[in-house]
Amino acid sequence: MGLTFTEFFSMKKNLFTAIILGIAMVSCESSTYDEVSNTEVPTEKITYTKHVKGIMEAKCTSCHSTGGSASSRPLNTYAQVNGAINQIIDRIQRPAGDPLRMPQGGTMSAADISIVVKWKEDGLLEN
Ligand code: HEC
């Protein structure tokens, strides 16, 4: 066998590119995760507009809105999320691996789950 210098160099270049892309993808993924997932539960009263809406948009409405796989149960508005709160709390607290666990096929931070639970405890405030 025997590679020419150019072949060897382009293999190394591809490997190098793959590694850089890999690092870029991992770091993008973790920064997106930070943006969309809370890591702390606020001590103030939880409101839909300030805390819950963003979680629904990041984790749920891709399916739970028009055109999604769960469009019959939209979670786009205060009234819709409020009306489904008991089912939502049931679904997001199910153990990993439970087929009924939400978000389906995804993950949610423990803080996000607690924020939704605390929203109910705080009285399901809109603003
Ligand atoms: C990848 C798509 C997808 C995502 C993301 C998703 N769901 Fe679902 N969800 C479904 C589907 C499909 C169903 C219907 C099947 C079932 O009941 O499990 C469903 C059912 C539900 C139900 C039961 C509705 C009913 O009428 O019985 C609730 C409540 C629910 N999801 C809440 C959520 C919440 C809250 C999130 C975000 C944290 C979420 N889902 C994210 C696809 C999704």
# chains A, B, ... in the order shown; residues from 1 in each chain; ligands from 1

$ residues_near_ligand --ligand "ligand 1" --cutoff "9 Å" --atoms "only C-alpha atoms and all ligand atoms" --output "ChimeraX atom specification"
/A:55-64,68-75,81,84-92,99-108,112-113,116

$ atom_distance --atom1 "atom CA of Gly83 of chain A" --atom2 "atom CA of Thr39 of chain A"
25.9 Å

$ atom_distance --atom1 "atom CA of Ser65 of chain A" --atom2 "atom CA of Asn82 of chain A"
15.2 Å

$ atom_distance --atom1 "atom CA of Gly97 of chain A" --atom2 "atom CA of Val41 of chain A"
24.6 Å

$ closest_residue --among "A:Thr47, A:Thr4, A:Gln93, A:Asn76" --to "Ala111 of chain A" --atoms "only C-alpha atoms"
A:Gln93

$ closest_residue --among "A:Gly67, A:Tyr78, A:Ile115, A:Lys12" --to "Glu44 of chain A" --atoms "only C-alpha atoms"
A:Ile115
